[in-house]
Every structure is written in C-alpha cells, then in structure tokens.
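**Student:** Shown below is the structure under consideration.
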Amino acid sequence: MKLATWNVNSLSVRLPQVLDWLQANPVNVLVMQELKMTDDKFPADAFAQAGYAAQWFGQKTYNGVALLSRTPATDIVKNIPGFDDDMARVITGTVNEIRVIGAYFPNGQAPGTEKFEYKMEWLKGLRSWLKAEMAAHPKLMLMGDYNITFDDADVWDPEGMRDQIHCTDEERYHLNALVAMGLTDSHRLFAQPPKSYSWWDYRDYGFRRNRGMRIDHILVSAAIKPLVQSCLIDKTPRKNERPSDHAPVVIEIAA
DNA sequence: ATGCCTCAGCTCCTGAGA
C-alpha cells in the first residue's frame with residue numbers, strides 16, 4: 001500500500017500535473033495541501049474518473065486540503081477538534097483501517113510575529129487532539145506540509161537559516177514533541193540521498209541548485225513503523241513547467 | 001538584496017508563501 005502527500009500550491013493550476021502523477025504513481029492515498037480553492041470548485045469528477053474517492057476542505061485564496069483514496073475514506077474530520085481555526089488546514093479519514101491525517105501546518109512567517117504565535121498555538125492544539133486520536137487509532141499516519149525542519153540535514157544552508165522560520169528551536173520543540181508521543185519520521189528509517197529536500201524556493205534557481213528544505217513529512221505510529229518498506233521524495237514533478245514549489249513524498253507499507 | 005519566483009484577487013499592483 002502506498003500513500004503520498006503533496007503541497008500542490010493551487011489545485012486549479014496543478015490539476016493536470018496531479019492527474020498525470022497519479023497515473024504514473026497509482027498510490028492508494030494522496031493527501032494534498034494548499035488547494036487555494038473553495039469547495040464548490042473542487043474537481044471531484046476528474047479524480048473519480050481517475051479512480052479516486054475524494055474528501056476535501058477548501059478555502060478561498062489560501063490553505064485548503066484534500067484526501068484522495070482508492071477506497072472511500074470513512075469517519076472524516078475537518079481541522080482540529082477543540083482548536084478554533086478560521087483556516088482549512090487538516091483533513092482526517094480512515095482508509096484500510098489506517099487513520100490518515102493530512103495537514104497543512106501554519107507557515108509562521110517569522111519568529112516574533114503574530115503568525116508565528118498562531119503556529120505555536122496550532123501545534124499545541126494539534127498535539128492535544130492527537131493524543132486522543134492516537135489512543136483511539138493505533139495505526140495512524142500524520143502526513144503533510146509541516147513547515148518545520150528536523151535539523152541541519154533538512155536545510156541547504158543551515159548557517160544562513162539558523163533561527164529563521166522553519167528552523168527555530170521553538171518549532172523544532174513541537175516537532176520533537178510529536179516524536180516523543182510515539183510518532184516516527186519515516187524518511188529517516190532509510191538511507192536517503194544526501195541533501196534530500198521536499199521544497200525549493202521558486203526564486204534564484206532554487207531547485208536547479210538544490211537549495212531547498214525538507215519540510216514535508218510522513219510520521220507514523222508505533223503500529224505502522226514495522227510495516228514501512230520505503231519513504232521517498234519524488235522530485236520528478238518539480239521538473240515540470242509551472243511546478244509546485246513542493247515535491248510529493250511517498251511511503252510504502254506492507255498491507 | 002525590503003531582491004530573485006509564483007499564485008490569487010478588492011487583478012496591471014499587493015500580500016503571502018517558505
């Protein structure tokens with residue numbers, strides 16, 4: 001069974017690329033972030049023709065998330081219960097007895113800003129809900145655009161980015177707190193190419209120079225961890241014309 | 001270098017992304 005996460009940066013613009021990618025990579029589940037469209041614009045028919053059931057939670061201009069699956073997901077939850085939020089950032093469903101959480105973590109802009117404070121509150125809210133969710137669903141995966149790097153290995157220029165957004169100790173504290181709850185970074189279960197990133201800035205030939213960061217993650221619960229067979233970043237769609245700035249991350253599990 | 005690119009929208013500029 002394969003599952004993937006991809007920040008598409010506007011599904012309106014990226015739909016043809018997503019459909020192409022699904023044809024070449026017929027994963028069982030794909031969670032997407034940054035749809036940047038209202039619910040009435042979601043191309044459910046196109047995905048149905050491609051063989052996917054869809055659940056979506058859209059928003060105008062920013063945010064918006066979706067969960068595609070070969071077999072329909074059940075027990076859908078939108079956003080974080082118990083955490084009041086104006087933004088469409090999380091969609092959760094059960095597929096093949098696995099609780100799949102697709103999340104678009106807040107960007108945070110810069111330390112010291114209101115948006116950074118919101119990011120910290122959101123991360124706390126996520127954790128308090130996740131505790132109960134993990135207890136109810138031992139087989140759980142938290143996948144999406146985390147907008148946080150684990151450490152220097154996830155950053156093309158660790159010195160230049162030190163204490164900058166995505167690389168601060170405060171953000172990493174919250175990321176490590178998820179690990180402390182029993183979640184594992186599936187990417188690091190395997191040997192990976194050096195300088196493996198999932199996002200590259202559009203500016204200044206970021207992708208061509210591999211100036212990027214690994215900020216899209218798939219964390220798995222203890223019950224899933226022994227089943228994981230691979231976790232790969234697929235840079236292929238980043239080479240398209242008008243690509244998303246993010247690449248998909250794909251996990252394979254025995255199931 | 002408060003730049004560089006890309007997207008959406010109160011669209012021919014601006015805010016936000018990361």
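Residue numbering restarts at 1 in every chain; chains get A, B, ... in the order shown in the structure tokens, and ligands count up from 1 in that same order.
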Write out as a VMD selection string every residue belonging to chain A that has an atom at most 8 Å from any atom of chain B, counting only C-alpha atoms (C1' of nucleotides).

**Tutor:** chain A and resid 9 to 10 61 107 109 147 165 to 166 201 to 204

**Student:** Please dump the current selection as a JSON list (two decimals), in the first residue's frame; keep all heavy atoms.

**Tutor:**
[["chain", "number", "residue", "atom", "x", "y", "z"],
["A", 9, "ASN", "N", 0.17, 23.74, -4.17],
["A", 9, "ASN", "CA", 0.20, 25.19, -4.41],
["A", 9, "ASN", "C", -0.74, 25.61, -5.54],
["A", 9, "ASN", "O", -0.29, 26.02, -6.61],
["A", 9, "ASN", "CB", 1.64, 25.65, -4.70],
["A", 9, "ASN", "CG", 1.75, 27.16, -4.81],
["A", 9, "ASN", "OD1", 0.82, 27.87, -4.43],
["A", 9, "ASN", "ND2", 2.86, 27.65, -5.32],
["A", 10, "SER", "N", -2.01, 25.50, -5.26],
["A", 10, "SER", "CA", -3.13, 25.80, -6.17],
["A", 10, "SER", "C", -3.51, 24.57, -7.00],
["A", 10, "SER", "O", -2.85, 24.23, -7.99],
["A", 10, "SER", "CB", -2.83, 26.95, -7.13],
["A", 10, "SER", "OG", -3.88, 27.05, -8.08],
["A", 61, "THR", "N", -8.40, 31.42, -1.79],
["A", 61, "THR", "CA", -7.08, 32.08, -1.82],
["A", 61, "THR", "C", -5.95, 31.31, -1.14],
["A", 61, "THR", "O", -4.88, 31.16, -1.70],
["A", 61, "THR", "CB", -7.12, 33.49, -1.20],
["A", 61, "THR", "OG1", -8.25, 34.18, -1.71],
["A", 61, "THR", "CG2", -5.87, 34.26, -1.50],
["A", 107, "ASN", "N", 2.60, 28.37, 8.25],
["A", 107, "ASN", "CA", 3.94, 28.79, 7.83],
["A", 107, "ASN", "C", 4.66, 29.50, 8.98],
["A", 107, "ASN", "O", 5.82, 29.20, 9.27],
["A", 107, "ASN", "CB", 3.79, 29.71, 6.61],
["A", 107, "ASN", "CG", 5.08, 30.33, 6.18],
["A", 107, "ASN", "OD1", 5.68, 31.09, 6.95],
["A", 107, "ASN", "ND2", 5.54, 30.00, 5.00],
["A", 109, "GLN", "N", 5.61, 32.64, 9.12],
["A", 109, "GLN", "CA", 6.22, 33.88, 8.62],
["A", 109, "GLN", "C", 7.60, 34.18, 9.19],
["A", 109, "GLN", "O", 8.59, 34.09, 8.48],
["A", 109, "GLN", "CB", 5.29, 35.07, 8.86],
["A", 109, "GLN", "CG", 5.65, 36.29, 8.02],
["A", 109, "GLN", "CD", 4.60, 37.36, 8.09],
["A", 109, "GLN", "OE1", 4.19, 37.76, 9.17],
["A", 109, "GLN", "NE2", 4.15, 37.80, 6.93],
["A", 147, "ASN", "N", 6.02, 22.51, 7.48],
["A", 147, "ASN", "CA", 6.69, 23.81, 7.57],
["A", 147, "ASN", "C", 7.67, 23.88, 8.74],
["A", 147, "ASN", "O", 7.87, 24.93, 9.35],
["A", 147, "ASN", "CB", 5.67, 24.95, 7.65],
["A", 147, "ASN", "CG", 5.17, 25.37, 6.27],
["A", 147, "ASN", "OD1", 5.94, 25.47, 5.33],
["A", 147, "ASN", "ND2", 3.87, 25.60, 6.14],
["A", 165, "ILE", "N", 12.65, 31.15, 10.11],
["A", 165, "ILE", "CA", 11.40, 30.38, 10.07],
["A", 165, "ILE", "C", 11.64, 28.99, 9.47],
["A", 165, "ILE", "O", 12.44, 28.86, 8.53],
["A", 165, "ILE", "CB", 10.30, 31.16, 9.31],
["A", 165, "ILE", "CG1", 8.93, 30.54, 9.59],
["A", 165, "ILE", "CG2", 10.58, 31.24, 7.82],
["A", 165, "ILE", "CD1", 8.46, 30.64, 11.01],
["A", 166, "HIS", "N", 10.99, 28.00, 10.04],
["A", 166, "HIS", "CA", 11.12, 26.55, 9.73],
["A", 166, "HIS", "C", 12.31, 25.91, 10.43],
["A", 166, "HIS", "O", 12.45, 24.69, 10.40],
["A", 166, "HIS", "CB", 11.24, 26.26, 8.22],
["A", 166, "HIS", "CG", 10.22, 26.93, 7.38],
["A", 166, "HIS", "ND1", 8.88, 26.89, 7.69],
["A", 166, "HIS", "CD2", 10.31, 27.69, 6.27],
["A", 166, "HIS", "CE1", 8.21, 27.58, 6.80],
["A", 166, "HIS", "NE2", 9.05, 28.09, 5.93],
["A", 201, "ASP", "N", 12.74, 26.98, -3.17],
["A", 201, "ASP", "CA", 12.23, 28.31, -3.50],
["A", 201, "ASP", "C", 12.14, 28.47, -5.01],
["A", 201, "ASP", "O", 13.02, 28.03, -5.73],
["A", 201, "ASP", "CB", 13.16, 29.37, -2.90],
["A", 201, "ASP", "CG", 12.46, 30.70, -2.72],
["A", 201, "ASP", "OD1", 11.86, 31.19, -3.69],
["A", 201, "ASP", "OD2", 12.51, 31.25, -1.60],
["A", 202, "TYR", "N", 11.07, 29.09, -5.45],
["A", 202, "TYR", "CA", 10.92, 29.37, -6.88],
["A", 202, "TYR", "C", 12.03, 30.30, -7.38],
["A", 202, "TYR", "O", 12.40, 30.28, -8.55],
["A", 202, "TYR", "CB", 9.58, 30.06, -7.16],
["A", 202, "TYR", "CG", 8.36, 29.17, -7.17],
["A", 202, "TYR", "CD1", 7.29, 29.43, -6.34],
["A", 202, "TYR", "CD2", 8.26, 28.10, -8.06],
["A", 202, "TYR", "CE1", 6.14, 28.66, -6.37],
["A", 202, "TYR", "CE2", 7.12, 27.31, -8.10],
["A", 202, "TYR", "CZ", 6.05, 27.60, -7.25],
["A", 202, "TYR", "OH", 4.93, 26.83, -7.29],
["A", 203, "ARG", "N", 12.51, 31.13, -6.48],
["A", 203, "ARG", "CA", 13.44, 32.18, -6.89],
["A", 203, "ARG", "C", 14.86, 31.67, -6.98],
["A", 203, "ARG", "O", 15.23, 30.72, -6.29],
["A", 203, "ARG", "CB", 13.38, 33.34, -5.87],
["A", 203, "ARG", "CG", 12.02, 33.96, -5.80],
["A", 203, "ARG", "CD", 11.88, 34.88, -4.61],
["A", 203, "ARG", "NE", 11.86, 34.16, -3.35],
["A", 203, "ARG", "CZ", 11.62, 34.73, -2.18],
["A", 203, "ARG", "NH1", 11.38, 36.00, -2.11],
["A", 203, "ARG", "NH2", 11.61, 34.02, -1.10],
["A", 204, "ASP", "N", 15.65, 32.34, -7.81],
["A", 204, "ASP", "CA", 17.09, 32.13, -7.82],
["A", 204, "ASP", "C", 17.50, 30.69, -8.14],
["A", 204, "ASP", "O", 18.47, 30.17, -7.60],
["A", 204, "ASP", "CB", 17.65, 32.55, -6.45],
["A", 204, "ASP", "CG", 19.09, 33.00, -6.53],
["A", 204, "ASP", "OD1", 19.49, 33.43, -7.62],
["A", 204, "ASP", "OD2", 19.79, 32.89, -5.51]]

**Student:** Using DSSP on the backbone coordinates, identify the residues of stretch 72-235 of chain A assigned to helix (DSSP H, G or I); present them as an MDAnalysis selection string.

**Tutor:** chainID A and resid 114:136 152:154 158:161 169:180 186:189 203:205 225:227

**Student:** Dump C-alpha atoms for the selected residues as a JSON list (two decimals), in the first residue's frame?

**Tutor:**
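Listing of result35.json after writing:
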[["chain", "number", "residue", "atom", "x", "y", "z"],
["A", 114, "GLU", "CA", 1.51, 37.08, 15.28],
["A", 115, "LYS", "CA", 1.61, 34.37, 12.64],
["A", 116, "PHE", "CA", 4.43, 32.65, 14.49],
["A", 117, "GLU", "CA", 2.40, 32.76, 17.72],
["A", 118, "TYR", "CA", -0.55, 31.26, 15.84],
["A", 119, "LYS", "CA", 1.74, 28.50, 14.59],
["A", 120, "MET", "CA", 2.78, 27.70, 18.17],
["A", 121, "GLU", "CA", -0.85, 27.62, 19.36],
["A", 122, "TRP", "CA", -1.85, 25.47, 16.39],
["A", 123, "LEU", "CA", 0.93, 22.99, 17.17],
["A", 124, "LYS", "CA", -0.21, 22.76, 20.79],
["A", 125, "GLY", "CA", -3.80, 22.24, 19.67],
["A", 126, "LEU", "CA", -2.74, 19.55, 17.22],
["A", 127, "ARG", "CA", -0.92, 17.65, 19.93],
["A", 128, "SER", "CA", -3.71, 17.69, 22.46],
["A", 129, "TRP", "CA", -6.17, 16.32, 19.88],
["A", 130, "LEU", "CA", -3.62, 13.86, 18.50],
["A", 131, "LYS", "CA", -3.14, 12.25, 21.91],
["A", 132, "ALA", "CA", -6.74, 11.08, 21.94],
["A", 133, "GLU", "CA", -6.70, 10.26, 18.23],
["A", 134, "MET", "CA", -3.65, 8.01, 18.63],
["A", 135, "ALA", "CA", -5.24, 6.23, 21.58],
["A", 136, "ALA", "CA", -8.36, 5.55, 19.50],
["A", 152, "ASP", "CA", 20.58, 20.88, 9.81],
["A", 153, "ALA", "CA", 20.39, 17.87, 7.48],
["A", 154, "ASP", "CA", 17.00, 19.15, 6.30],
["A", 158, "PRO", "CA", 21.88, 25.66, 7.97],
["A", 159, "GLU", "CA", 24.07, 28.61, 8.97],
["A", 160, "GLY", "CA", 22.14, 31.10, 6.87],
["A", 161, "MET", "CA", 18.80, 29.72, 8.09],
["A", 169, "ASP", "CA", 14.21, 25.83, 18.31],
["A", 170, "GLU", "CA", 10.59, 26.64, 19.20],
["A", 171, "GLU", "CA", 9.24, 25.00, 16.04],
["A", 172, "ARG", "CA", 11.55, 22.02, 16.40],
["A", 173, "TYR", "CA", 10.47, 21.62, 20.02],
["A", 174, "HIS", "CA", 6.94, 20.98, 18.79],
["A", 175, "LEU", "CA", 8.10, 18.66, 16.02],
["A", 176, "ASN", "CA", 10.14, 16.64, 18.51],
["A", 177, "ALA", "CA", 7.16, 16.58, 20.86],
["A", 178, "LEU", "CA", 5.27, 14.65, 18.16],
["A", 179, "VAL", "CA", 8.15, 12.16, 18.07],
["A", 180, "ALA", "CA", 8.05, 11.95, 21.88],
["A", 186, "SER", "CA", 9.52, 7.51, 8.11],
["A", 187, "HIS", "CA", 12.07, 9.25, 5.86],
["A", 188, "ARG", "CA", 14.85, 8.65, 8.38],
["A", 189, "LEU", "CA", 14.06, 4.96, 8.70],
["A", 203, "ARG", "CA", 13.44, 32.18, -6.89],
["A", 204, "ASP", "CA", 17.09, 32.13, -7.82],
["A", 205, "TYR", "CA", 17.07, 28.66, -9.43],
["A", 225, "LYS", "CA", 6.53, 1.68, 11.90],
["A", 226, "PRO", "CA", 7.45, -2.01, 11.43],
["A", 227, "LEU", "CA", 5.34, -2.13, 8.27]]

**Student:** When DSSP is applied to the backbone of this structure, which of stretch 50-241 of chain A are assigned strand (DSSP E)? Write them out as number ranges by chain.

**Tutor:** A: 53-57, 65-69, 74-78, 90-95, 98-104, 140-145, 184-185, 199-200, 212-213, 216-220, 228-233

**Student:** Counting only C-alpha atoms (C1' of nucleotides), what is within 8 Å of A:Lys36, bar same-chain residues fewer than 5 positions away, as a PyMOL selection string?

**Tutor:** chain A and resi 9-12+58-64

**Student:** Can you list, as an NGL selection string, every protein, DNA or RNA residue that comes within 12 Å of A:Asp245 when you count only C-alpha atoms (C1' of nucleotides), leaving out same-chain residues fewer than 4 positions away?

**Tutor:** (:A and (6-10 or 14 or 33-34 or 145 or 197-203 or 205-207 or 211-216 or 235-241)) or (:B and (5-7 or 17-18))
